[in-house]
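Next up, run-v1.txt (compact mmCIF, C-alpha atoms):
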# COMPACT_ATOMS: atom_id res chain seq x y z
CA MET A 1 -218.80 -71.77 1.22
CA THR A 2 -219.38 -69.80 4.37
CA LYS A 3 -216.70 -67.27 5.15
CA VAL A 4 -215.75 -67.00 8.80
CA SER A 5 -215.42 -63.46 10.00
CA PRO A 6 -212.38 -62.69 12.16
CA THR A 7 -213.08 -61.95 15.76
CA THR A 8 -212.33 -58.54 17.14
CA SER A 9 -210.06 -59.82 19.91
CA PRO A 10 -206.61 -61.23 19.01
CA PHE A 11 -205.86 -64.90 19.50
CA THR A 12 -203.52 -65.33 22.47
CA ILE A 13 -201.32 -68.19 23.60
CA GLN A 14 -201.54 -68.98 27.29
CA PRO A 15 -198.36 -70.70 28.51
CA ALA A 16 -198.48 -73.30 31.25
CA ASP A 17 -197.76 -71.98 34.73
CA ARG A 18 -194.47 -73.88 34.79
CA MET A 19 -193.16 -71.74 31.92
CA ASN A 20 -193.82 -68.54 33.83
CA GLY A 21 -192.04 -69.99 36.86
CA LEU A 22 -188.74 -70.66 35.11
CA PRO A 23 -185.70 -68.67 36.29
CA THR A 24 -184.11 -66.15 33.94
CA GLN A 25 -181.46 -67.80 31.78
CA PHE A 26 -178.41 -66.07 33.21
CA PHE A 27 -175.95 -66.94 30.47
CA ALA A 28 -178.30 -65.81 27.70
CA THR A 29 -178.18 -62.29 29.12
CA LEU A 30 -174.39 -62.46 29.40
CA VAL A 31 -174.06 -63.53 25.75
CA ARG A 32 -176.42 -60.80 24.58
CA LYS A 33 -174.38 -58.05 26.23
CA ALA A 34 -171.14 -59.40 24.78
CA ASN A 35 -172.63 -59.71 21.30
CA GLU A 36 -173.81 -56.11 21.39
CA GLN A 37 -170.21 -54.98 21.90
CA ILE A 38 -168.94 -57.30 19.17
CA ALA A 39 -171.60 -56.04 16.76
CA ALA A 40 -170.41 -52.50 17.47
CA GLY A 41 -166.99 -53.51 16.14
CA HIS A 42 -165.09 -53.96 19.42
CA ASP A 43 -162.44 -56.61 20.08
CA VAL A 44 -164.07 -58.40 23.00
CA ILE A 45 -162.22 -60.96 25.13
CA ASN A 46 -164.93 -63.25 26.46
CA LEU A 47 -163.91 -64.87 29.74
CA GLY A 48 -167.48 -65.09 31.01
CA GLN A 49 -168.68 -68.38 29.56
CA GLY A 50 -167.79 -72.03 30.08
CA ASN A 51 -167.44 -73.03 26.42
CA PRO A 52 -164.19 -74.98 25.78
CA ASP A 53 -162.06 -73.22 23.17
CA ARG A 54 -159.99 -76.16 21.91
CA PRO A 55 -161.15 -78.66 19.28
CA THR A 56 -162.16 -82.24 19.93
CA PRO A 57 -159.07 -84.51 19.65
CA PRO A 58 -158.54 -85.79 16.07
CA HIS A 59 -158.88 -89.50 16.90
CA ILE A 60 -162.38 -88.88 18.28
CA VAL A 61 -163.37 -86.89 15.20
CA ALA A 62 -162.03 -89.68 12.98
CA SER A 63 -164.11 -92.17 14.95
CA ILE A 64 -167.40 -90.39 14.25
CA GLN A 65 -166.46 -89.89 10.60
CA GLU A 66 -166.08 -93.64 10.26
CA ALA A 67 -169.15 -94.43 12.36
CA ALA A 68 -171.36 -92.06 10.37
CA ALA A 69 -171.00 -94.37 7.35
CA ASN A 70 -172.10 -97.45 9.29
CA PRO A 71 -175.71 -98.33 8.36
CA LEU A 72 -176.22 -99.79 11.84
CA TYR A 73 -176.20 -96.25 13.22
CA HIS A 74 -178.70 -94.95 10.66
CA LYS A 75 -181.49 -96.77 12.48
CA TYR A 76 -183.05 -95.95 15.81
CA PRO A 77 -180.59 -96.79 18.58
CA PRO A 78 -181.68 -98.80 21.63
CA PHE A 79 -183.79 -96.60 23.90
CA SER A 80 -181.25 -96.61 26.74
CA GLY A 81 -178.24 -96.49 24.41
CA PHE A 82 -175.78 -99.03 23.07
CA PRO A 83 -174.29 -101.38 25.68
CA PHE A 84 -170.76 -100.72 24.39
CA LEU A 85 -170.95 -97.06 25.48
CA LYS A 86 -172.18 -97.92 28.97
CA GLN A 87 -169.41 -100.50 29.25
CA ALA A 88 -166.88 -97.86 28.19
CA ILE A 89 -167.92 -95.42 30.93
CA ALA A 90 -167.84 -98.21 33.51
CA GLN A 91 -164.32 -99.11 32.37
CA ARG A 92 -163.20 -95.46 32.56
CA TYR A 93 -164.55 -95.07 36.11
CA LYS A 94 -162.81 -98.26 37.18
CA GLU A 95 -159.48 -97.11 35.75
CA ASP A 96 -159.72 -93.50 36.93
CA HIS A 97 -161.46 -93.84 40.30
CA ASN A 98 -161.48 -97.57 41.15
CA VAL A 99 -165.28 -97.46 41.17
CA ASP A 100 -167.21 -100.57 40.06
CA LEU A 101 -170.35 -99.88 38.00
CA ASP A 102 -172.80 -102.32 36.48
CA PRO A 103 -173.17 -100.96 32.91
CA GLU A 104 -176.77 -102.13 32.58
CA THR A 105 -178.23 -100.98 35.88
CA GLU A 106 -175.93 -98.23 37.17
CA VAL A 107 -175.25 -96.19 34.02
CA ALA A 108 -177.68 -93.98 32.07
CA ILE A 109 -176.70 -92.20 28.86
CA LEU A 110 -177.75 -88.54 28.74
CA PHE A 111 -178.11 -85.84 26.10
CA GLY A 112 -175.37 -83.92 27.88
CA GLY A 113 -174.93 -83.62 31.62
CA LYS A 114 -177.24 -80.60 31.80
CA THR A 115 -180.19 -82.74 30.71
CA GLY A 116 -179.64 -85.15 33.58
CA LEU A 117 -179.44 -82.30 36.10
CA ILE A 118 -182.89 -81.19 34.96
CA GLU A 119 -184.34 -84.71 34.78
CA ILE A 120 -183.37 -85.86 38.26
CA ALA A 121 -185.40 -83.08 39.86
CA GLN A 122 -188.43 -84.09 37.80
CA CYS A 123 -187.89 -87.75 38.71
CA LEU A 124 -187.73 -87.19 42.46
CA LEU A 125 -189.47 -83.96 43.45
CA ASN A 126 -193.13 -83.12 43.93
CA PRO A 127 -194.62 -79.67 44.58
CA GLY A 128 -193.79 -78.76 48.16
CA ASP A 129 -190.62 -80.85 48.27
CA VAL A 130 -187.29 -79.13 48.87
CA CYS A 131 -184.03 -79.41 46.96
CA LEU A 132 -180.80 -78.34 48.66
CA VAL A 133 -178.78 -76.24 46.22
CA PRO A 134 -175.26 -74.78 46.53
CA ASP A 135 -175.02 -70.98 46.63
CA PRO A 136 -173.16 -69.94 44.55
CA GLY A 137 -173.84 -72.75 42.11
CA TYR A 138 -174.60 -73.67 38.51
CA PRO A 139 -177.88 -71.85 37.68
CA ASP A 140 -179.38 -74.75 35.73
CA TYR A 141 -179.89 -76.65 38.99
CA TRP A 142 -182.65 -74.13 39.61
CA SER A 143 -184.34 -74.92 36.30
CA GLY A 144 -185.12 -78.56 37.08
CA VAL A 145 -186.47 -77.67 40.50
CA ALA A 146 -188.73 -75.03 38.97
CA LEU A 147 -190.02 -77.46 36.34
CA ALA A 148 -190.83 -79.94 39.09
CA GLY A 149 -192.79 -77.30 40.99
CA ALA A 150 -190.57 -77.84 44.03
CA GLU A 151 -188.72 -75.38 46.25
CA MET A 152 -185.05 -74.64 46.84
CA ALA A 153 -183.12 -74.20 50.06
CA PHE A 154 -179.68 -72.77 49.53
CA MET A 155 -176.46 -74.07 51.04
CA PRO A 156 -174.00 -71.15 51.34
CA LEU A 157 -170.48 -71.81 50.02
CA ARG A 158 -168.17 -69.47 51.91
CA GLU A 159 -164.49 -68.90 51.31
CA GLU A 160 -163.69 -69.36 55.01
CA ASN A 161 -165.09 -72.91 54.72
CA ASN A 162 -163.16 -73.62 51.51
CA PHE A 163 -166.39 -73.20 49.53
CA LEU A 164 -167.88 -76.36 51.05
CA PRO A 165 -171.42 -76.39 52.49
CA ASP A 166 -171.78 -76.56 56.27
CA TYR A 167 -174.58 -79.07 56.81
CA SER A 168 -174.89 -78.17 60.49
CA GLN A 169 -176.15 -74.71 59.52
CA LEU A 170 -179.10 -75.89 57.42
CA ASN A 171 -182.62 -75.10 58.55
CA GLU A 172 -184.42 -78.01 60.25
CA SER A 173 -187.72 -77.28 58.53
CA ASP A 174 -186.00 -77.38 55.14
CA LEU A 175 -184.33 -80.69 55.99
CA ASN A 176 -187.69 -82.21 56.93
CA ARG A 177 -188.95 -81.59 53.39
CA ALA A 178 -185.69 -82.11 51.50
CA LYS A 179 -185.54 -85.04 49.06
CA LEU A 180 -182.65 -84.05 46.78
CA MET A 181 -179.38 -82.13 46.98
CA PHE A 182 -176.80 -80.99 44.45
CA ILE A 183 -173.08 -80.88 45.10
CA ASN A 184 -170.43 -79.96 42.54
CA TYR A 185 -166.66 -80.42 42.83
CA PRO A 186 -164.42 -79.32 41.18
CA ASN A 187 -166.79 -76.44 41.63
CA ASN A 188 -168.41 -74.10 39.19
CA PRO A 189 -168.04 -71.18 39.79
CA THR A 190 -165.48 -71.13 42.64
CA GLY A 191 -162.86 -73.57 41.27
CA ALA A 192 -162.71 -75.31 44.67
CA THR A 193 -162.26 -79.06 45.10
CA ALA A 194 -163.57 -81.35 47.84
CA PRO A 195 -161.60 -83.85 49.95
CA ALA A 196 -162.67 -87.45 50.53
CA SER A 197 -163.73 -86.51 54.08
CA PHE A 198 -166.37 -84.14 52.71
CA TYR A 199 -167.96 -86.93 50.68
CA GLU A 200 -167.95 -89.21 53.73
CA GLU A 201 -169.77 -86.50 55.65
CA THR A 202 -172.19 -86.08 52.74
CA VAL A 203 -173.08 -89.78 52.62
CA GLU A 204 -173.74 -89.75 56.37
CA PHE A 205 -175.85 -86.59 56.06
CA ALA A 206 -177.87 -88.09 53.19
CA HIS A 207 -178.56 -91.30 55.11
CA LYS A 208 -179.65 -89.41 58.20
CA ASN A 209 -181.99 -87.05 56.36
CA GLY A 210 -183.29 -89.27 53.55
CA VAL A 211 -181.88 -86.97 50.87
CA VAL A 212 -180.72 -88.21 47.46
CA VAL A 213 -177.31 -86.82 46.47
CA ALA A 214 -176.71 -85.59 42.93
CA SER A 215 -172.96 -85.07 42.47
CA ASP A 216 -172.14 -82.92 39.45
CA PHE A 217 -168.67 -84.15 38.39
CA ALA A 218 -168.50 -82.26 35.10
CA TYR A 219 -164.95 -81.06 35.81
CA GLY A 220 -163.77 -84.34 37.31
CA ALA A 221 -160.74 -84.57 35.01
CA ILE A 222 -159.46 -81.05 35.75
CA GLY A 223 -157.50 -80.84 38.99
CA PHE A 224 -154.34 -78.79 39.54
CA ASP A 225 -151.09 -78.96 41.50
CA GLY A 226 -150.89 -82.73 41.21
CA GLN A 227 -154.20 -83.23 43.03
CA LYS A 228 -156.68 -85.57 41.33
CA PRO A 229 -160.33 -84.66 41.99
CA VAL A 230 -162.20 -87.16 44.16
CA SER A 231 -165.35 -88.80 42.82
CA PHE A 232 -168.37 -88.96 45.13
CA LEU A 233 -168.80 -92.60 44.04
CA GLN A 234 -165.44 -93.51 45.59
CA THR A 235 -167.04 -93.05 49.00
CA PRO A 236 -168.34 -96.16 50.80
CA GLY A 237 -172.14 -96.11 50.71
CA ALA A 238 -172.34 -93.46 47.98
CA LYS A 239 -174.35 -95.61 45.58
CA GLU A 240 -176.93 -96.26 48.30
CA VAL A 241 -177.78 -92.56 48.58
CA GLY A 242 -177.10 -90.98 45.22
CA ILE A 243 -175.69 -90.66 41.75
CA GLU A 244 -172.99 -88.77 39.93
CA PHE A 245 -173.23 -86.89 36.65
CA TYR A 246 -170.32 -87.01 34.24
CA THR A 247 -169.92 -85.40 30.83
CA LEU A 248 -167.51 -85.62 27.91
CA SER A 249 -167.90 -81.88 27.28
CA LYS A 250 -164.98 -80.72 29.40
CA THR A 251 -162.75 -83.79 29.52
CA TYR A 252 -162.55 -84.24 25.74
CA ASN A 253 -163.64 -80.82 24.39
CA MET A 254 -166.91 -82.37 23.20
CA ALA A 255 -169.34 -79.73 24.47
CA GLY A 256 -171.27 -79.60 21.20
CA TRP A 257 -171.58 -83.40 20.98
CA ARG A 258 -173.93 -83.54 23.99
CA VAL A 259 -172.79 -86.76 25.66
CA GLY A 260 -173.21 -87.26 29.39
CA PHE A 261 -173.91 -89.98 31.94
CA ALA A 262 -175.72 -90.55 35.21
CA LEU A 263 -173.99 -93.14 37.38
CA GLY A 264 -174.75 -94.89 40.65
CA ASN A 265 -177.94 -95.72 42.51
CA ARG A 266 -179.92 -98.30 40.52
CA GLU A 267 -183.37 -96.97 41.32
CA VAL A 268 -182.48 -93.40 40.37
CA ILE A 269 -180.87 -94.66 37.15
CA ARG A 270 -184.05 -96.65 36.40
CA LEU A 271 -186.18 -93.55 36.88
CA ILE A 272 -183.97 -91.43 34.61
CA ASN A 273 -184.07 -94.10 31.91
CA LEU A 274 -187.85 -94.35 32.29
CA MET A 275 -188.28 -90.60 31.87
CA GLN A 276 -185.98 -90.59 28.86
CA ASP A 277 -187.99 -93.39 27.27
CA HIS A 278 -190.80 -90.84 26.98
CA TYR A 279 -188.57 -88.03 25.69
CA TYR A 280 -185.91 -89.58 23.47
CA CYS A 281 -184.65 -92.57 21.55
CA SER A 282 -181.05 -92.13 22.77
CA LEU A 283 -178.14 -90.43 20.99
CA PHE A 284 -177.20 -90.95 17.35
CA GLY A 285 -175.23 -94.20 17.26
CA GLY A 286 -172.25 -92.60 15.52
CA ILE A 287 -171.84 -90.19 18.42
CA GLN A 288 -172.07 -93.10 20.85
CA ALA A 289 -169.32 -94.93 18.95
CA ALA A 290 -167.07 -91.86 19.02
CA ALA A 291 -167.81 -91.33 22.71
CA ALA A 292 -166.71 -94.90 23.40
CA THR A 293 -163.50 -94.19 21.49
CA ALA A 294 -162.87 -91.15 23.69
CA LEU A 295 -163.33 -93.19 26.84
CA THR A 296 -161.32 -96.29 25.86
CA ALA A 297 -158.47 -94.86 23.75
CA SER A 298 -155.29 -93.29 25.16
CA GLN A 299 -156.03 -90.60 27.72
CA ASP A 300 -152.95 -88.56 26.82
CA CYS A 301 -155.25 -85.90 25.35
CA VAL A 302 -156.90 -85.50 28.76
CA THR A 303 -153.55 -85.06 30.49
CA GLU A 304 -152.49 -82.53 27.87
CA LEU A 305 -155.72 -80.56 28.27
CA ARG A 306 -155.39 -80.46 32.05
CA ASP A 307 -151.80 -79.19 31.67
CA VAL A 308 -153.00 -76.46 29.30
CA TYR A 309 -155.56 -75.25 31.82
CA GLU A 310 -153.06 -75.34 34.68
CA SER A 311 -150.56 -73.33 32.64
CA ARG A 312 -153.26 -70.82 31.79
CA ARG A 313 -154.30 -70.60 35.42
CA ASN A 314 -150.73 -69.90 36.49
CA ALA A 315 -150.29 -67.26 33.79
CA LEU A 316 -153.57 -65.59 34.73
CA TYR A 317 -152.84 -65.35 38.44
CA THR A 318 -149.33 -64.04 37.79
CA ALA A 319 -150.79 -61.32 35.59
CA LEU A 320 -153.53 -60.54 38.13
CA ALA A 321 -150.97 -60.13 40.91
CA SER A 322 -149.10 -57.62 38.75
CA ILE A 323 -152.12 -55.27 38.79
CA GLY A 324 -152.86 -55.86 42.47
CA TRP A 325 -155.82 -58.25 42.00
CA HIS A 326 -155.14 -61.01 44.50
CA ALA A 327 -157.17 -64.19 44.98
CA ARG A 328 -156.85 -67.82 46.00
CA PRO A 329 -155.82 -69.81 42.88
CA SER A 330 -158.45 -72.25 41.66
CA GLN A 331 -157.87 -75.91 42.55
CA GLY A 332 -159.77 -77.38 39.62
CA SER A 333 -162.24 -76.75 36.77
CA PHE A 334 -161.42 -74.13 34.15
CA PHE A 335 -162.70 -71.18 36.19
CA SER A 336 -161.20 -68.55 38.46
CA TRP A 337 -163.22 -66.89 41.24
CA LEU A 338 -162.05 -63.39 42.02
CA PRO A 339 -163.15 -60.86 44.67
CA VAL A 340 -164.42 -57.53 43.37
CA PRO A 341 -162.62 -54.33 44.41
CA LYS A 342 -164.12 -51.99 46.98
CA GLY A 343 -166.88 -49.78 45.71
CA HIS A 344 -168.22 -52.33 43.25
CA SER A 345 -170.81 -55.06 43.17
CA SER A 346 -170.22 -58.10 41.02
CA GLN A 347 -172.64 -56.76 38.39
CA SER A 348 -171.24 -53.23 38.35
CA LEU A 349 -167.71 -54.58 37.95
CA ALA A 350 -168.77 -56.91 35.14
CA ASP A 351 -170.54 -54.05 33.35
CA LEU A 352 -167.53 -51.76 33.78
CA LEU A 353 -165.06 -54.33 32.45
CA LEU A 354 -167.24 -54.95 29.41
CA GLN A 355 -167.83 -51.27 28.65
CA GLU A 356 -164.33 -49.94 29.35
CA ALA A 357 -161.97 -52.90 28.88
CA LYS A 358 -164.07 -54.99 26.46
CA VAL A 359 -163.54 -58.01 28.72
CA VAL A 360 -166.47 -60.27 29.61
CA VAL A 361 -166.60 -61.78 33.09
CA ALA A 362 -169.56 -63.43 34.81
CA PRO A 363 -170.92 -61.53 37.85
CA GLY A 364 -170.98 -63.76 40.89
CA VAL A 365 -174.52 -62.81 41.84
CA GLY A 366 -175.71 -64.69 38.76
CA PHE A 367 -174.77 -67.90 40.60
CA GLY A 368 -176.67 -67.04 43.80
CA THR A 369 -176.78 -64.39 46.50
CA HIS A 370 -173.58 -65.72 48.12
CA GLY A 371 -171.81 -65.17 44.81
CA GLU A 372 -172.07 -61.44 45.39
CA GLY A 373 -168.64 -59.92 45.88
CA TYR A 374 -166.98 -62.11 43.23
CA VAL A 375 -166.71 -62.49 39.48
CA ARG A 376 -165.93 -65.64 37.51
CA LEU A 377 -163.31 -65.77 34.77
CA GLY A 378 -162.87 -68.71 32.42
CA LEU A 379 -159.49 -70.12 31.40
CA LEU A 380 -160.82 -70.55 27.89
CA SER A 381 -158.54 -68.28 25.91
CA SER A 382 -154.83 -68.48 25.13
CA GLU A 383 -152.31 -67.30 27.69
CA GLU A 384 -151.65 -64.31 25.44
CA ARG A 385 -155.30 -63.28 25.40
CA LEU A 386 -155.61 -63.81 29.15
CA ALA A 387 -152.60 -61.55 29.69
CA GLU A 388 -154.10 -58.95 27.34
CA ALA A 389 -157.39 -59.07 29.24
CA VAL A 390 -155.62 -58.43 32.53
CA GLN A 391 -153.57 -55.64 30.94
CA ARG A 392 -156.76 -53.93 29.79
CA ILE A 393 -158.29 -54.29 33.25
CA GLY A 394 -155.13 -52.92 34.86
CA LYS A 395 -155.48 -49.66 32.94
CA LEU A 396 -158.68 -48.97 34.85
CA ASN A 397 -156.69 -48.66 38.12
CA LEU A 398 -159.26 -50.53 40.18
CA PHE A 399 -156.84 -52.11 42.63
CA GLY A 400 -154.81 -49.23 43.98
Let me see the structure of the file written as structure tokens.
Amino acid sequence: MTKVSPTTSPFTIQPADRMNGLPTQFFATLVRKANEQIAAGHDVINLGQGNPDRPTPPHIVASIQEAAANPLYHKYPPFSGFPFLKQAIAQRYKEDHNVDLDPETEVAILFGGKTGLIEIAQCLLNPGDVCLVPDPGYPDYWSGVALAGAEMAFMPLREENNFLPDYSQLNESDLNRAKLMFINYPNNPTGATAPASFYEETVEFAHKNGVVVASDFAYGAIGFDGQKPVSFLQTPGAKEVGIEFYTLSKTYNMAGWRVGFALGNREVIRLINLMQDHYYCSLFGGIQAAAATALTASQDCVTELRDVYESRRNALYTALASIGWHARPSQGSFFSWLPVPKGHSSQSLADLLLQEAKVVVAPGVGFGTHGEGYVRLGLLSSEERLAEAVQRIGKLNLFG
């Protein structure tokens, strides 16, 4: 047998160009810094991530426990998911938003909402096309655009405009190449909500410019002060120009279950299902059964969760005011968006709070250049821990 001699040069793996073009995963860096402090033995209060801290409601857990024993769900599920789950989301949207959806043609089941946000860019964008992206905004919007080889044009979200994009200020050359846009209310990271008039303006803008709207409604169940968040799909003409993404992660504390939906325009839904046919064979049937339980059973758990977040928000802003850190209270989501004190950037403040107060916050610049000057705090700890975090920050005397 002939023995092959090793070559002198090492074998190297050459990644595809698309891998080198991916944006840095912002939250991975945030987690790494926090874990370094925890590993050093410090008591770290992590308010920087968007990971729900409460368990999934017991009746949903019981549903998957029962479903896991059903042999029907031990087989491959239908490629586009079980009809009963699509019917359940259509029923929920009808009851919550008075939106009519055809379960078969206007609902796609996703492996979490994040997956759909990546897929829609790949379904619609070619190299050279432009996607309109909110700034600040959820960084994973950028990932799908990068994977599609397309370009981004940013829509500034400014406090003086209630953190809504001003379409009249967008560049004409960008609009000529734009095919897709993301909007997100209740908003991550700013906690702002959008009125019905904004969605009417958005539908008109999309029609005029031939842009598909992707409404990220991940926090659609979390609105404060008696104000229910408005769904994009409630707007006349919305299904002609776009879709909405919804997830069970926030509404039912099911982040780890990875259940989401794309809803609306039939052609976009067809394209997402087509792409997923090549990637997946849908979610485990037991998870689909439990998801249907979440959507069709009593929604008291959703009301309770929203009340918990509102109580935490109120406690946080009361504590912040006591140390002189003043900001506009969030209107929805489970985030607070706070201005940094003079003499600091968002990153320098985040680093200082981690090093000196052992409190993790997300620097606003991680969400886009217009996020500079702010940090994001999550309402994902108990009121006692939120108060302790603010107390620690207050000892640094940053606010006069």
* Counting only C-alpha atoms, the residue of A:Gly21, A:Gly285, A:Gly324, A:Pro341 that sits nearest Gly373 (chain A) ->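 Of A:Gly21, A:Gly285, A:Gly324, A:Pro341, the one nearest Gly373 (chain A), counting only C-alpha atoms, is A:Pro341.
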* Spatial neighbours of region 131-141 of chain A, max dist 7 Å, all atoms listed in the file, sep filter under 4 positions, as a ChimeraX atom specification -> /A:117-118,145,151-157,178-183,188-189,367-371
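For the atom pair formed by CA of Asp216 (chain A) and CA of Glu244 (chain A), the distance is 5.9 Å, given to one decimal.
Among A:Ser330, A:Ser63, A:Gln288, A:Thr12, the residue with the shortest atom-to-atom distance to Leu85 (chain A), counting all atoms listed in the file, is A:Gln288.
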* At most 10 Å from (-186.3, -67.3, 38.4), file frame, all atoms listed in the file: which residues, as a VMD selection string? -> chain A and resid 20 to 26 139 142 to 143 146
With C-alpha atoms kept, could you save the residues just selected as a PDB file, in the coordinates of the input?
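The result, written out as out03.pdb:
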ATOM      1  CA  ASN A  20    -193.820 -68.540  33.830  1.00  0.00           C
ATOM      2  CA  GLY A  21    -192.040 -69.990  36.860  1.00  0.00           C
ATOM      3  CA  LEU A  22    -188.740 -70.660  35.110  1.00  0.00           C
ATOM      4  CA  PRO A  23    -185.700 -68.670  36.290  1.00  0.00           C
ATOM      5  CA  THR A  24    -184.110 -66.150  33.940  1.00  0.00           C
ATOM      6  CA  GLN A  25    -181.460 -67.800  31.780  1.00  0.00           C
ATOM      7  CA  PHE A  26    -178.410 -66.070  33.210  1.00  0.00           C
ATOM      8  CA  PRO A 139    -177.880 -71.850  37.680  1.00  0.00           C
ATOM      9  CA  TRP A 142    -182.650 -74.130  39.610  1.00  0.00           C
ATOM     10  CA  SER A 143    -184.340 -74.920  36.300  1.00  0.00           C
ATOM     11  CA  ALA A 146    -188.730 -75.030  38.970  1.00  0.00           C
TER      12      ALA A 146
END
* Point-to-point distance in Å for CA of Arg313 (chain A) and CA of Gly332 (chain A) -> 9.7 Å
* To do: Write out as a ChimeraX atom specification which residues come within 6 Å of Gly364 (chain A) when counting all atoms listed in the file, dropping same-chain ones fewer than 5 positions away.
  => /A:346,371-372,374-375
* Between CA of Leu233 (chain A) and CA of Arg177 (chain A), distance in Å (one decimal) -> 24.8 Å
Listing only residues of region 297-338 of chain A within 12 Å of region 250-270 of chain A, what is the closest atom pair and its distance in Å (to one decimal) for each, using all atoms listed in the file, sorted by chain and residue number ascending, as CSV?
residue,atom,partner,partner_atom,distance
A:Ala297,CA,A:Tyr252,CA,11.5
A:Ser298,CA,A:Tyr252,CA,11.6
A:Gln299,CA,A:Tyr252,CA,9.3
A:Asp300,CA,A:Tyr252,CA,10.6
A:Cys301,CA,A:Tyr252,CA,7.5
A:Val302,CA,A:Thr251,CA,6.1
A:Thr303,CA,A:Thr251,CA,9.3
A:Glu304,CA,A:Tyr252,CA,10.4
A:Leu305,CA,A:Thr251,CA,7.8
A:Arg306,CA,A:Thr251,CA,8.5
A:Tyr309,CA,A:Lys250,CA,11.2
A:Gly332,CA,A:Lys250,CA,11.9
A:Ser333,CA,A:Lys250,CA,8.8
A:Phe334,CA,A:Lys250,CA,8.9
A:Phe335,CA,A:Lys250,CA,11.9
Can you write out as a Markdown table which residues of region 315-394 of chain A fall within 12 Å of region 36-45 of chain A, alongside each residue's closest atom pair and its distance in Å to one decimal, counting all atoms listed in the file and ordering rows by chain and ascending residue number?
| residue | atom | partner | partner_atom | distance |
| --- | --- | --- | --- | --- |
| A:Asp351 | CA | A:Gln37 | CA | 11.5 |
| A:Leu353 | CA | A:Ile45 | CA | 10.3 |
| A:Leu354 | CA | A:Val44 | CA | 7.9 |
| A:Gln355 | CA | A:Gln37 | CA | 8.1 |
| A:Glu356 | CA | A:Val44 | CA | 10.6 |
| A:Ala357 | CA | A:Val44 | CA | 8.3 |
| A:Lys358 | CA | A:Val44 | CA | 4.9 |
| A:Val359 | CA | A:Ile45 | CA | 4.8 |
| A:Val360 | CA | A:Ile45 | CA | 6.2 |
| A:Val361 | CA | A:Ile45 | CA | 9.1 |
| A:Leu377 | CA | A:Ile45 | CA | 10.8 |
| A:Gly378 | CA | A:Ile45 | CA | 10.7 |
| A:Leu379 | CA | A:Ile45 | CA | 11.4 |
| A:Leu380 | CA | A:Ile45 | CA | 10.1 |
| A:Ser381 | CA | A:Ile45 | CA | 8.2 |
| A:Ser382 | CA | A:Ile45 | CA | 10.5 |
| A:Glu384 | CA | A:Ile45 | CA | 11.1 |
| A:Arg385 | CA | A:Ile45 | CA | 7.3 |
| A:Leu386 | CA | A:Ile45 | CA | 8.2 |
| A:Ala387 | CA | A:Ile45 | CA | 10.7 |
| A:Glu388 | CA | A:Ile45 | CA | 8.7 |
| A:Ala389 | CA | A:Ile45 | CA | 6.6 |
| A:Val390 | CA | A:Ile45 | CA | 10.2 |
| A:Gln391 | CA | A:Ile45 | CA | 11.7 |
| A:Arg392 | CA | A:Ile45 | CA | 10.0 |
| A:Ile393 | CA | A:Ile45 | CA | 11.2 |
* Using only C-alpha atoms, which of the listed residues (A:Ala194, A:Leu248, A:Ala150, A:Val213) sits closest to Ala291 (chain A)? ->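 Ranked by minimum distance to Ala291 (chain A), first place goes to A:Leu248.
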Mind completing region 107-114 of chain A with N, CA, C and O atoms? Output as a short mmCIF file (atom, residue, chain, number, x, y, z; two decimals), keeping the file's coordinate frame, please?
data_model
loop_
_atom_site.label_atom_id
_atom_site.label_comp_id
_atom_site.auth_asym_id
_atom_site.auth_seq_id
_atom_site.Cartn_x
_atom_site.Cartn_y
_atom_site.Cartn_z
N VAL A 107 -175.69 -97.20 34.98
CA VAL A 107 -175.25 -96.19 34.02
C VAL A 107 -176.42 -95.80 33.13
O VAL A 107 -177.09 -96.66 32.55
N ALA A 108 -176.69 -94.51 33.02
CA ALA A 108 -177.68 -93.98 32.07
C ALA A 108 -176.99 -93.00 31.15
O ALA A 108 -176.20 -92.15 31.59
N ILE A 109 -177.26 -93.11 29.85
CA ILE A 109 -176.70 -92.20 28.86
C ILE A 109 -177.61 -90.98 28.75
O ILE A 109 -178.84 -91.10 28.67
N LEU A 110 -177.00 -89.79 28.75
CA LEU A 110 -177.75 -88.54 28.74
C LEU A 110 -177.42 -87.70 27.51
O LEU A 110 -176.33 -87.80 26.96
N PHE A 111 -178.37 -86.85 27.13
CA PHE A 111 -178.11 -85.84 26.10
C PHE A 111 -177.36 -84.67 26.74
O PHE A 111 -177.88 -83.57 26.89
N GLY A 112 -176.14 -84.92 27.15
CA GLY A 112 -175.37 -83.92 27.88
C GLY A 112 -175.69 -83.96 29.36
O GLY A 112 -176.80 -84.32 29.77
N GLY A 113 -174.72 -83.59 30.17
CA GLY A 113 -174.93 -83.62 31.62
C GLY A 113 -176.04 -82.71 32.08
O GLY A 113 -176.77 -83.03 33.03
N LYS A 114 -176.21 -81.56 31.40
CA LYS A 114 -177.24 -80.60 31.80
C LYS A 114 -178.62 -81.24 31.80
O LYS A 114 -179.44 -81.00 32.70
#
